[in-house]
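Novice: Here you go, one structure.
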Amino acid sequence: MDGEALVSEDSGADRKRRVHGMLKLYYGLNEEGKAEEEAQSLDPCDINGPHFDPEHFLNKLRRECSLAELMDQETCMVKQIRSLDSDMQTLVYENYNKFISATDTIRKMKNDFKKMEDEMDCLSANMSAITEFSARISGTLQDQHAQITKLSGVHTLLRKLQFLFELPARLNKCLEMQAYAQAVRSHRLARCVLQQYSHLPSFKGIQDDCHDIMDKLAQELRQKFRDGGSSAKDLSECVELLLQLDEPAEELCDKFLSHARSRLESDLQGLEAEIRPYPYASAVKNASARRVSSPASLGSPADSSPKASAIFSPTSNTDILEFIDRGCNEFVSSLCLVITSYQELFVSHAQTGELASKNIPEMANGKLHTFVDDLAARYFSLVERRIQEEKGVGDNSLLVRALDRFHRRLQAVTKLLPGSTVPAKGTEIVIRAATERVKQYLAALQSFYMDSLTDVRQALATPRLSVAGASVGGGGGSSRDGPNSLPELLSSLSASILNQIKSVLASVHLFTAKDITFSNKPYFKGEFCSQGVRESLVVSFIKFICQCSRQFCETAGDKGGSTPPALLLLLSRLCLDYETSTISYILTLTDEQFLVQHHSPVTPVTTLCTEAREAAQKLLNHYVKVQGLIISQMLRKSVETRDWVNTIEPRNVRAVMKRVVEDTTSIDVQVGLLYEEGVRKAHSSDSSKRTFSVYSSSRQQARYAASYTPSAPMDTNLLSNIHKLFSERIDIFSSVEFNKVSVMTGIIKISLKTFLECVRLRTFGRYGLQQIQVDCHYLQMYLWRFVSDENLVHFLLDEIVGSSAHRCLDPAPMEQSVIEVICERG
Amino acid sequence: MEDDAPVIYGLEFQARALTAQTAETDSIRFLVGTQSLKFDNQIHIIDFDDENNIINKNVLLHQAGEIWHIGASPADKAVLTTCYNKTSDSRVVSCAAVWRMPSDWETGSHDSPDDSAHNPQTLELLCHLDDSPHGNAACVLWEPMGDGKRVISLADNHALLWDLHESSTQAKVSSTATLEGKGQLKFTSGKWSPHHNCSQLATANDTAIRGWDLRTMSQIYCIENAHGQLVRDLDFNPNRQYYLSSCGDDCKVKFWDVRNVQEPVKTLEEHSHWVWSVRYNHSHDQLVLTASSDSRLILSNMVSISSEPFGHLVDDEELSEGEENHQEDKGKEPLKDSVVSTYEEHEDSVYAAEWSSADPWLFASLSYDGRLVINRVPRALKYRILL
């Protein structure tokens, strides 16, 4: 303790606290700073710590400090000790003073309490005196009080009696004033009493009077109820009063409902009048009546044309939105009103009153449900009829909005009648309408497709003359410039179909728009998107396109090619385009727009693509067949109608051969507009090709010459047999690839094979054979460039020449050089 | 079960005409007529030895001209008709005639087969079916299952019914029918129906098929546009009287019910070029043979429109004993309409195919290069039909 104030130059307050802390420590009152001190205290040299060792401290000082420092230390320590001493003295003095003053206070208090005790005694004496007095006063007033009570009782009774006696008159007055509610209230007050005292004749009289009056009142109420002219509010008031008059609730329910029904039915009839009635005659009447009222056609009410138009466009009556609006505003809102007031009257009201015991709420609820269901069913049938009339697919938004409103308004019924099936049925109607709509759109798309095909057909038919003319003259090159050229037609057809699909998708998309209430129904989220839109609209349409195209092949094949070949080609390209890109594009578009979640299995893109490809293949095959047939027919006629035995020496290539080459060229141009070139086998050069043909023909001719010797008839067709052995079998009507060369090869194969078969059926004279030679050479000169493998043309033409040589009575072939001269001249 | 390999026989000349020898029911025999403008034409009598798989041939000369059509009498083995082209004064005329084979052709060939090749015997002319006023003969049809006394010849747009008298040495036209219409109408083919007491005929001209009643010689039905293009051949179902098959240049084979000619009952589209011949098997009418200029021969099994479709119980009387016993086990697997097999032995257009009249499982086909191929119905199918 002797080195306490090591840091004495602190501020006053600080110092005080420190001193205080020291004292506290001394007296063993520890504060939170304990841990800190503990840390310090371990040092034996800490002069403030509990473990301070003076010996140790001294030793340390002595060891570490110089003399001067020691001297300083010493003076400092002495100073501190002195100040601590004075502090202690001050504290002791202060404490002593306080103690003295406390002793004084206690003494003073002792004196004061003695005085107070005396006063309290005096107070209690006074209080007991007061009590005594008051008891005495109440004792004297007792009798009078009882009398007053009795008198006031009699007074009330008398007032009640007076009320009773006045009741009939009052009721009558109420009746006169038609203040039914007041009358009923009054009667209700008196009823129990009258009932209780009805054995007394006077009361009996009153009761009877009251009964009569109330009966009359009830009659009047009922009358009013029955009249039905009153508003729903009046009506409900009536019912409420009647209920209070103990009318049988069931009967009232029925009456209330039947009354409501009559009014709702008039609404329904109003709606029905808007719909075109089934017998057309009345529709005409309706429509014409409407027309008369509208100023526009006021002048010609008797004219039949507006009537007819009214029949064929029922939407001209009122549009569906208007109709639904009217239905909602009139029927649905009054239905809701009826439901609310009914529930108020019979259900919620009755639950609180005495009626609850009689199961009235259940009964009433049951009645209400059947009533609502019944009427709603009629309403729905009307709405459905109206929706069914909505056939025009132009603007879907109107229908969707109408349906939305219809659906939205039915939600009110849900809120009012939680258990009702009405909203569910309403949703079903919406669903049905939506599916119906999708079907209509499909039909519209299909008819649009057919229409555009007809357009294409016409477009193909009209410029065809000019194209044909041009191609005859200039090799068909000019047909490309026509306004209705095939690629343009194709792109416009394809684009218009795509546009139509897009617009239909957009229209259908309205059904699933966010702001439409029914769009969040599970049906519209799932099934409608996947099954409805994707499957039955888009997929069906694509399938329809394929199927429709395929039909072109079948019908045309049987009925002799009524479809223009260019259309076949165009459709084939269309289907092929669909296979490569359009289908996946359309489906992706649909999936994106409708966020289709495929719960149920859907048709994969690949299936559709396969189908489209098959259709394209079939169409192209058919195109080849038809074009081949056209050329075949020319060749066949030319071979069949000529007398080949008695023909003159050939001077020219026959015109039909030129025609064949021209047609082939124009077909080549036509196909080239839509299909790529395709691969062909490497050509030998033009000249070498010709020498080949010369070589082979001349070799063959040598063979024919040799066949005169009877010993070797077998050798005649040796060459062609050998050729056949080494060449592949030629499938004439085989499938073609999607390129120009393959198509042209197919057409030329068919034509030449026909030529061959026809030649084999004829008999030739010398010049007949020579004519065939000339013709074949001419064909060879021009046809090789169209096919994938020129050897094919060579082979078939050699066959033809060979066969005609066989069928020749006098086979003397023409010189190759002469043939060439003739052909080049022609 | 290995099927026997096809047997091939080569003629020296080109040929189109083929028929089975209808009156011959013991041995398998086909007649082939050749087409040659330069040499004497021949009729090859092809005997097939089923057991040894060997062909025996005999050649008879047909000097009148190249043979376009040949028909064998149903009553007399030795009698046949041909349609042939005769060239005279640089004019080609089609004629028809009835011929008799020399009685000793068979013995001659057996004694010295080499001789017969060198010295072929000539056919004996019985009579000409001289219809030159009526145009060129396309084909001659024998009355099916008749006594060999009546034939029909089709010439341009006339159908002529002939009665043959005095062992076929005289022919008289008993009635005619004429096809009226715009343009030059021409019968291309015809078939005498074996049903209705042989009183009906079916003909083909251009794309139409017509039915004729031979008693009145009037048209009874007409299938306009039966094929997209020319109709090449017809055949009657031997067991179902209203069923008719046709083939043509649209590569299709169609099956018709003549009571309803709006739509074909069935259409086959297996060939890749014109179909020249269609033939029902005489006993098992589900087997249909078609020959085409795509050098193929196709055997189809048309169960659904045959007289013994699957599950259909045929009347007991119609069945022989052996068939009846096996009829019940047939219900193991239903057979579907299908192509049984495609025969590719030919290298040129096949213009004719015929079933043998002696063996219902055997048929011959003839291609233009003179190759005759004899084939059998695959054994597996044969047993399935029988068992």
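Following the order of the structure tokens, chains are lettered A, B, ..., residues in each are numbered from 1, and ligands are numbered from 1.
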Which residues are close to B:Thr188, i.e. within 12 Å by only C-alpha atoms, leaving aside same-chain residues fewer than 6 positions away? Reply as a VMD selection string.

Specialist: chain B and resid 68 to 69 136 to 140 153 to 159 202 to 210 230 to 234 247 to 248 276

Novice: Pick out each residue of stretch 451-681 of chain A that DSSP on the backbone tags as helix (DSSP H, G or I); I need them as JSON, numbers by chain.

Specialist: {"A": [451, 452, 453, 454, 455, 456, 457, 458, 459, 460, 461, 462, 463, 464, 465, 466, 467, 468, 469, 470, 471, 472, 473, 474, 477, 478, 479, 480, 481, 486, 487, 488, 489, 490, 491, 492, 493, 494, 495, 496, 497, 498, 499, 500, 501, 502, 503, 504, 505, 506, 507, 508, 509, 510, 511, 512, 517, 518, 519, 520, 522, 523, 524, 525, 526, 527, 528, 529, 530, 531, 532, 533, 534, 535, 536, 537, 538, 539, 540, 541, 542, 543, 544, 545, 546, 547, 548, 549, 550, 551, 552, 553, 554, 555, 556, 557, 558, 559, 565, 566, 567, 568, 569, 570, 571, 572, 573, 574, 575, 576, 577, 578, 579, 580, 581, 582, 583, 584, 585, 586, 587, 588, 589, 590, 591, 592, 593, 594, 605, 606, 607, 608, 609, 610, 611, 612, 613, 614, 615, 616, 617, 618, 619, 620, 621, 622, 623, 624, 625, 626, 627, 628, 629, 630, 631, 632, 633, 634, 635, 636, 637, 638, 639, 640, 655, 656, 657, 658, 659, 660, 661, 662, 663, 664, 665, 666, 667, 668, 669, 670, 671, 672, 673, 674]}

Novice: Taking only C-alpha atoms into account, which residues of chain B are within 7 Å of chain A, as a list in words?

Specialist: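 Selected residues: Glu12, Leu37, Ser90, Arg91, Asn225, His227, Gly228, Ser272, His273 and Asp294 of chain B.
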
Novice: For the residues in that selection, give me all heavy atoms as a PDB file, in the first residue's frame.

Specialist:
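Writing done, so here's result_38.pdb:
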```
ATOM      1  N   GLU B  12     -33.873 -70.270-131.122  1.00  0.00           N
ATOM      2  CA  GLU B  12     -32.979 -69.538-132.005  1.00  0.00           C
ATOM      3  C   GLU B  12     -33.565 -68.200-132.391  1.00  0.00           C
ATOM      4  O   GLU B  12     -32.854 -67.281-132.765  1.00  0.00           O
ATOM      5  CB  GLU B  12     -32.717 -70.353-133.288  1.00  0.00           C
ATOM      6  CG  GLU B  12     -31.931 -71.625-133.071  1.00  0.00           C
ATOM      7  CD  GLU B  12     -32.815 -72.799-132.738  1.00  0.00           C
ATOM      8  OE1 GLU B  12     -34.018 -72.573-132.506  1.00  0.00           O
ATOM      9  OE2 GLU B  12     -32.325 -73.929-132.686  1.00  0.00           O
ATOM     10  N   LEU B  37     -38.614 -62.746-139.394  1.00  0.00           N
ATOM     11  CA  LEU B  37     -39.062 -62.240-140.671  1.00  0.00           C
ATOM     12  C   LEU B  37     -38.303 -62.895-141.818  1.00  0.00           C
ATOM     13  O   LEU B  37     -38.714 -62.869-142.953  1.00  0.00           O
ATOM     14  CB  LEU B  37     -38.867 -60.730-140.724  1.00  0.00           C
ATOM     15  CG  LEU B  37     -39.796 -59.938-139.810  1.00  0.00           C
ATOM     16  CD1 LEU B  37     -39.286 -58.529-139.641  1.00  0.00           C
ATOM     17  CD2 LEU B  37     -41.204 -59.945-140.357  1.00  0.00           C
ATOM     18  N   SER B  90     -44.979 -56.077-149.950  1.00  0.00           N
ATOM     19  CA  SER B  90     -44.651 -55.038-148.972  1.00  0.00           C
ATOM     20  C   SER B  90     -45.873 -54.561-148.208  1.00  0.00           C
ATOM     21  O   SER B  90     -46.087 -53.382-147.985  1.00  0.00           O
ATOM     22  CB  SER B  90     -43.928 -53.854-149.621  1.00  0.00           C
ATOM     23  OG  SER B  90     -44.752 -53.239-150.574  1.00  0.00           O
ATOM     24  N   ARG B  91     -46.706 -55.532-147.890  1.00  0.00           N
ATOM     25  CA  ARG B  91     -47.803 -55.224-146.981  1.00  0.00           C
ATOM     26  C   ARG B  91     -47.791 -56.269-145.882  1.00  0.00           C
ATOM     27  O   ARG B  91     -47.519 -57.427-146.130  1.00  0.00           O
ATOM     28  CB  ARG B  91     -49.160 -55.269-147.703  1.00  0.00           C
ATOM     29  CG  ARG B  91     -49.480 -53.959-148.417  1.00  0.00           C
ATOM     30  CD  ARG B  91     -50.965 -53.911-148.700  1.00  0.00           C
ATOM     31  NE  ARG B  91     -51.740 -54.010-147.479  1.00  0.00           N
ATOM     32  CZ  ARG B  91     -52.994 -54.456-147.442  1.00  0.00           C
ATOM     33  NH1 ARG B  91     -53.584 -54.871-148.544  1.00  0.00           N
ATOM     34  NH2 ARG B  91     -53.658 -54.492-146.314  1.00  0.00           N
ATOM     35  N   ASN B 225     -61.007 -46.570-118.316  1.00  0.00           N
ATOM     36  CA  ASN B 225     -59.767 -46.222-117.614  1.00  0.00           C
ATOM     37  C   ASN B 225     -59.399 -47.260-116.548  1.00  0.00           C
ATOM     38  O   ASN B 225     -59.073 -46.905-115.428  1.00  0.00           O
ATOM     39  CB  ASN B 225     -59.886 -44.854-116.950  1.00  0.00           C
ATOM     40  CG  ASN B 225     -59.858 -43.753-117.971  1.00  0.00           C
ATOM     41  OD1 ASN B 225     -59.149 -43.856-118.969  1.00  0.00           O
ATOM     42  ND2 ASN B 225     -60.656 -42.731-117.749  1.00  0.00           N
ATOM     43  N   HIS B 227     -56.851 -48.995-116.574  1.00  0.00           N
ATOM     44  CA  HIS B 227     -55.452 -48.709-116.292  1.00  0.00           C
ATOM     45  C   HIS B 227     -55.142 -47.313-116.802  1.00  0.00           C
ATOM     46  O   HIS B 227     -55.837 -46.796-117.679  1.00  0.00           O
ATOM     47  CB  HIS B 227     -54.539 -49.725-116.977  1.00  0.00           C
ATOM     48  CG  HIS B 227     -54.517 -51.047-116.275  1.00  0.00           C
ATOM     49  ND1 HIS B 227     -53.583 -51.371-115.335  1.00  0.00           N
ATOM     50  CD2 HIS B 227     -55.328 -52.114-116.364  1.00  0.00           C
ATOM     51  CE1 HIS B 227     -53.811 -52.589-114.870  1.00  0.00           C
ATOM     52  NE2 HIS B 227     -54.874 -53.063-115.487  1.00  0.00           N
ATOM     53  N   GLY B 228     -54.105 -46.741-116.235  1.00  0.00           N
ATOM     54  CA  GLY B 228     -53.709 -45.407-116.665  1.00  0.00           C
ATOM     55  C   GLY B 228     -53.315 -45.386-118.137  1.00  0.00           C
ATOM     56  O   GLY B 228     -53.496 -44.389-118.813  1.00  0.00           O
ATOM     57  N   SER B 272     -41.476 -52.746-112.649  1.00  0.00           N
ATOM     58  CA  SER B 272     -40.955 -51.420-112.942  1.00  0.00           C
ATOM     59  C   SER B 272     -41.101 -51.102-114.427  1.00  0.00           C
ATOM     60  O   SER B 272     -40.548 -50.124-114.895  1.00  0.00           O
ATOM     61  CB  SER B 272     -39.511 -51.298-112.486  1.00  0.00           C
ATOM     62  OG  SER B 272     -38.685 -52.109-113.279  1.00  0.00           O
ATOM     63  N   HIS B 273     -41.810 -51.925-115.173  1.00  0.00           N
ATOM     64  CA  HIS B 273     -42.190 -51.520-116.524  1.00  0.00           C
ATOM     65  C   HIS B 273     -43.496 -52.213-116.874  1.00  0.00           C
ATOM     66  O   HIS B 273     -44.123 -52.818-116.028  1.00  0.00           O
ATOM     67  CB  HIS B 273     -41.083 -51.814-117.540  1.00  0.00           C
ATOM     68  CG  HIS B 273     -41.196 -50.978-118.779  1.00  0.00           C
ATOM     69  ND1 HIS B 273     -41.499 -51.504-119.998  1.00  0.00           N
ATOM     70  CD2 HIS B 273     -41.081 -49.640-118.944  1.00  0.00           C
ATOM     71  CE1 HIS B 273     -41.550 -50.510-120.891  1.00  0.00           C
ATOM     72  NE2 HIS B 273     -41.304 -49.367-120.271  1.00  0.00           N
ATOM     73  N   ASP B 294     -39.847 -55.352-117.784  1.00  0.00           N
ATOM     74  CA  ASP B 294     -38.663 -55.086-116.971  1.00  0.00           C
ATOM     75  C   ASP B 294     -37.832 -56.356-116.805  1.00  0.00           C
ATOM     76  O   ASP B 294     -36.967 -56.430-115.944  1.00  0.00           O
ATOM     77  CB  ASP B 294     -39.051 -54.495-115.613  1.00  0.00           C
ATOM     78  CG  ASP B 294     -39.863 -55.453-114.763  1.00  0.00           C
ATOM     79  OD1 ASP B 294     -40.150 -56.569-115.229  1.00  0.00           O
ATOM     80  OD2 ASP B 294     -40.229 -55.084-113.636  1.00  0.00           O
TER      81      ASP B 294
END
```

Novice: Have a look at atom CA of B:Leu372 and atom CA of B:Tyr9 and let me know their distance in Å, one decimal.

Specialist: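 Atom CA of B:Leu372 sits 5.0 Å away from atom CA of B:Tyr9.
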
Novice: Using only C-alpha atoms, pick whichever of A:Leu505, A:Met214, A:Ile772, A:Leu175 has the shortest atom-to-atom distance to A:Leu445.

Specialist: A:Leu505

Novice: Residues at most 9 Å from stretch 174-176 of chain B, counting only C-alpha atoms, excluding those fewer than 5 positions away in the same chain, as a ChimeraX atom specification?

Specialist: /B:158-163,214-217

Novice: Restricting the calculation to only C-alpha atoms: of B:Ser246, B:Thr178, B:Ser341, B:Ser306, which residue gets closest to B:Lys191?

Specialist: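 The closest residue to B:Lys191 is B:Ser246.
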
Novice: If you run DSSP on the backbone here, which positions in stretch 265-306 of chain B get strand (DSSP E or B)? Please write them as number ranges by chain.

Specialist: B: 266-268, 275-280, 287-292, 297-301

Novice: Keeping all heavy atoms, export the residues of the selection given above as a compact mmCIF listing (two decimals), in the first residue's frame.

Specialist:
```
# COMPACT_ATOMS: atom_id res chain seq x y z
N LYS B 266 -58.14 -54.75 -105.79
CA LYS B 266 -56.77 -54.80 -105.32
C LYS B 266 -55.86 -54.33 -106.45
O LYS B 266 -56.17 -54.55 -107.62
CB LYS B 266 -56.42 -56.26 -104.98
CG LYS B 266 -55.33 -56.41 -103.99
CD LYS B 266 -55.91 -56.61 -102.61
CE LYS B 266 -54.80 -56.55 -101.59
NZ LYS B 266 -55.36 -56.51 -100.25
N THR B 267 -54.78 -53.71 -106.08
CA THR B 267 -53.83 -53.28 -107.10
C THR B 267 -52.43 -53.69 -106.67
O THR B 267 -52.05 -53.49 -105.52
CB THR B 267 -53.87 -51.75 -107.27
OG1 THR B 267 -55.18 -51.38 -107.63
CG2 THR B 267 -52.92 -51.32 -108.35
N LEU B 268 -51.70 -54.26 -107.59
CA LEU B 268 -50.31 -54.61 -107.32
C LEU B 268 -49.43 -53.68 -108.13
O LEU B 268 -49.72 -53.40 -109.30
CB LEU B 268 -50.02 -56.04 -107.75
CG LEU B 268 -50.46 -57.17 -106.83
CD1 LEU B 268 -50.05 -58.49 -107.45
CD2 LEU B 268 -49.79 -57.00 -105.49
N VAL B 275 -46.59 -54.33 -117.78
CA VAL B 275 -46.89 -55.73 -117.49
C VAL B 275 -47.62 -56.29 -118.70
O VAL B 275 -48.64 -55.76 -119.13
CB VAL B 275 -47.74 -55.86 -116.23
CG1 VAL B 275 -47.88 -57.31 -115.84
CG2 VAL B 275 -47.12 -55.07 -115.10
N TRP B 276 -47.10 -57.37 -119.26
CA TRP B 276 -47.62 -57.89 -120.53
C TRP B 276 -48.55 -59.07 -120.36
O TRP B 276 -49.30 -59.40 -121.26
CB TRP B 276 -46.46 -58.29 -121.43
CG TRP B 276 -45.74 -57.13 -122.02
CD1 TRP B 276 -44.86 -56.32 -121.38
CD2 TRP B 276 -45.86 -56.61 -123.35
NE1 TRP B 276 -44.43 -55.34 -122.21
CE2 TRP B 276 -45.01 -55.49 -123.44
CE3 TRP B 276 -46.59 -57.01 -124.47
CZ2 TRP B 276 -44.88 -54.75 -124.61
CZ3 TRP B 276 -46.45 -56.27 -125.64
CH2 TRP B 276 -45.62 -55.15 -125.71
N SER B 277 -48.45 -59.71 -119.22
CA SER B 277 -49.24 -60.92 -119.10
C SER B 277 -49.59 -61.16 -117.64
O SER B 277 -48.79 -60.92 -116.76
CB SER B 277 -48.43 -62.11 -119.64
OG SER B 277 -49.09 -63.31 -119.35
N VAL B 278 -50.83 -61.58 -117.41
CA VAL B 278 -51.23 -61.96 -116.06
C VAL B 278 -51.98 -63.28 -116.16
O VAL B 278 -52.80 -63.47 -117.04
CB VAL B 278 -52.07 -60.84 -115.40
CG1 VAL B 278 -53.32 -60.53 -116.19
CG2 VAL B 278 -52.41 -61.19 -113.97
N ARG B 279 -51.63 -64.19 -115.27
CA ARG B 279 -52.25 -65.51 -115.33
C ARG B 279 -52.58 -66.03 -113.92
O ARG B 279 -51.70 -66.05 -113.06
CB ARG B 279 -51.31 -66.52 -116.00
CG ARG B 279 -51.17 -66.36 -117.49
CD ARG B 279 -52.43 -66.80 -118.24
NE ARG B 279 -52.30 -66.58 -119.66
CZ ARG B 279 -52.67 -65.46 -120.30
NH1 ARG B 279 -53.19 -64.46 -119.62
NH2 ARG B 279 -52.52 -65.33 -121.59
N TYR B 280 -53.83 -66.43 -113.74
CA TYR B 280 -54.21 -67.13 -112.51
C TYR B 280 -53.77 -68.58 -112.60
O TYR B 280 -53.86 -69.19 -113.67
CB TYR B 280 -55.73 -67.14 -112.36
CG TYR B 280 -56.33 -65.89 -111.77
CD1 TYR B 280 -57.09 -65.03 -112.57
CD2 TYR B 280 -56.20 -65.60 -110.42
CE1 TYR B 280 -57.69 -63.90 -112.03
CE2 TYR B 280 -56.80 -64.47 -109.88
CZ TYR B 280 -57.54 -63.63 -110.68
OH TYR B 280 -58.13 -62.54 -110.14
N LEU B 287 -52.57 -67.85 -106.54
CA LEU B 287 -51.26 -67.71 -107.20
C LEU B 287 -51.45 -66.99 -108.53
O LEU B 287 -52.20 -67.43 -109.39
CB LEU B 287 -50.64 -69.08 -107.42
CG LEU B 287 -50.35 -69.87 -106.14
CD1 LEU B 287 -49.80 -71.24 -106.48
CD2 LEU B 287 -49.36 -69.11 -105.28
N VAL B 288 -50.79 -65.85 -108.64
CA VAL B 288 -50.93 -65.06 -109.85
C VAL B 288 -49.55 -64.79 -110.41
O VAL B 288 -48.64 -64.38 -109.70
CB VAL B 288 -51.66 -63.73 -109.56
CG1 VAL B 288 -51.70 -62.89 -110.81
CG2 VAL B 288 -53.04 -63.98 -109.03
N LEU B 289 -49.43 -65.02 -111.71
CA LEU B 289 -48.15 -64.89 -112.39
C LEU B 289 -48.21 -63.66 -113.29
O LEU B 289 -49.18 -63.48 -114.03
CB LEU B 289 -47.96 -66.15 -113.23
CG LEU B 289 -46.57 -66.56 -113.62
CD1 LEU B 289 -45.71 -66.74 -112.39
CD2 LEU B 289 -46.66 -67.87 -114.40
N THR B 290 -47.21 -62.80 -113.20
CA THR B 290 -47.20 -61.64 -114.08
C THR B 290 -45.85 -61.52 -114.75
O THR B 290 -44.81 -61.75 -114.14
CB THR B 290 -47.47 -60.35 -113.30
OG1 THR B 290 -46.59 -60.29 -112.18
CG2 THR B 290 -48.90 -60.29 -112.80
N ALA B 291 -45.90 -61.16 -116.03
CA ALA B 291 -44.67 -61.02 -116.81
C ALA B 291 -44.58 -59.59 -117.31
O ALA B 291 -45.59 -59.00 -117.68
CB ALA B 291 -44.68 -61.99 -117.98
N SER B 292 -43.37 -59.06 -117.29
CA SER B 292 -43.24 -57.65 -117.59
C SER B 292 -42.03 -57.39 -118.47
O SER B 292 -41.09 -58.19 -118.53
CB SER B 292 -43.09 -56.88 -116.28
OG SER B 292 -42.43 -55.69 -116.47
N LEU B 297 -40.32 -61.79 -113.90
CA LEU B 297 -41.54 -62.56 -113.76
C LEU B 297 -41.84 -62.56 -112.27
O LEU B 297 -40.94 -62.79 -111.46
CB LEU B 297 -41.27 -63.98 -114.26
CG LEU B 297 -42.43 -64.94 -114.33
CD1 LEU B 297 -43.35 -64.49 -115.44
CD2 LEU B 297 -41.91 -66.33 -114.61
N ILE B 298 -43.06 -62.25 -111.91
CA ILE B 298 -43.37 -62.18 -110.49
C ILE B 298 -44.52 -63.12 -110.17
O ILE B 298 -45.54 -63.13 -110.87
CB ILE B 298 -43.71 -60.74 -110.05
CG1 ILE B 298 -42.45 -59.88 -110.14
CG2 ILE B 298 -44.25 -60.71 -108.64
CD1 ILE B 298 -42.63 -58.46 -109.68
N LEU B 299 -44.31 -63.91 -109.14
CA LEU B 299 -45.36 -64.78 -108.65
C LEU B 299 -45.89 -64.18 -107.35
O LEU B 299 -45.14 -63.96 -106.41
CB LEU B 299 -44.79 -66.18 -108.39
CG LEU B 299 -45.76 -67.20 -107.79
CD1 LEU B 299 -46.92 -67.47 -108.74
CD2 LEU B 299 -45.03 -68.50 -107.48
N SER B 300 -47.19 -63.88 -107.36
CA SER B 300 -47.78 -63.27 -106.18
C SER B 300 -48.78 -64.22 -105.55
O SER B 300 -49.38 -65.04 -106.22
CB SER B 300 -48.51 -61.97 -106.54
OG SER B 300 -47.69 -61.16 -107.30
N ASN B 301 -48.93 -64.04 -104.26
CA ASN B 301 -49.88 -64.86 -103.52
C ASN B 301 -51.00 -63.95 -103.02
O ASN B 301 -50.84 -63.25 -102.04
CB ASN B 301 -49.14 -65.53 -102.35
CG ASN B 301 -49.99 -66.55 -101.66
OD1 ASN B 301 -51.02 -66.94 -102.17
ND2 ASN B 301 -49.56 -66.98 -100.49
```

Novice: Can you tell me how far atom CA of A:Leu635 sits from atom CA of A:Arg659, in Å to one decimal?

Specialist: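 About the pair atom CA of A:Leu635 and atom CA of A:Arg659: they are 9.8 Å apart.
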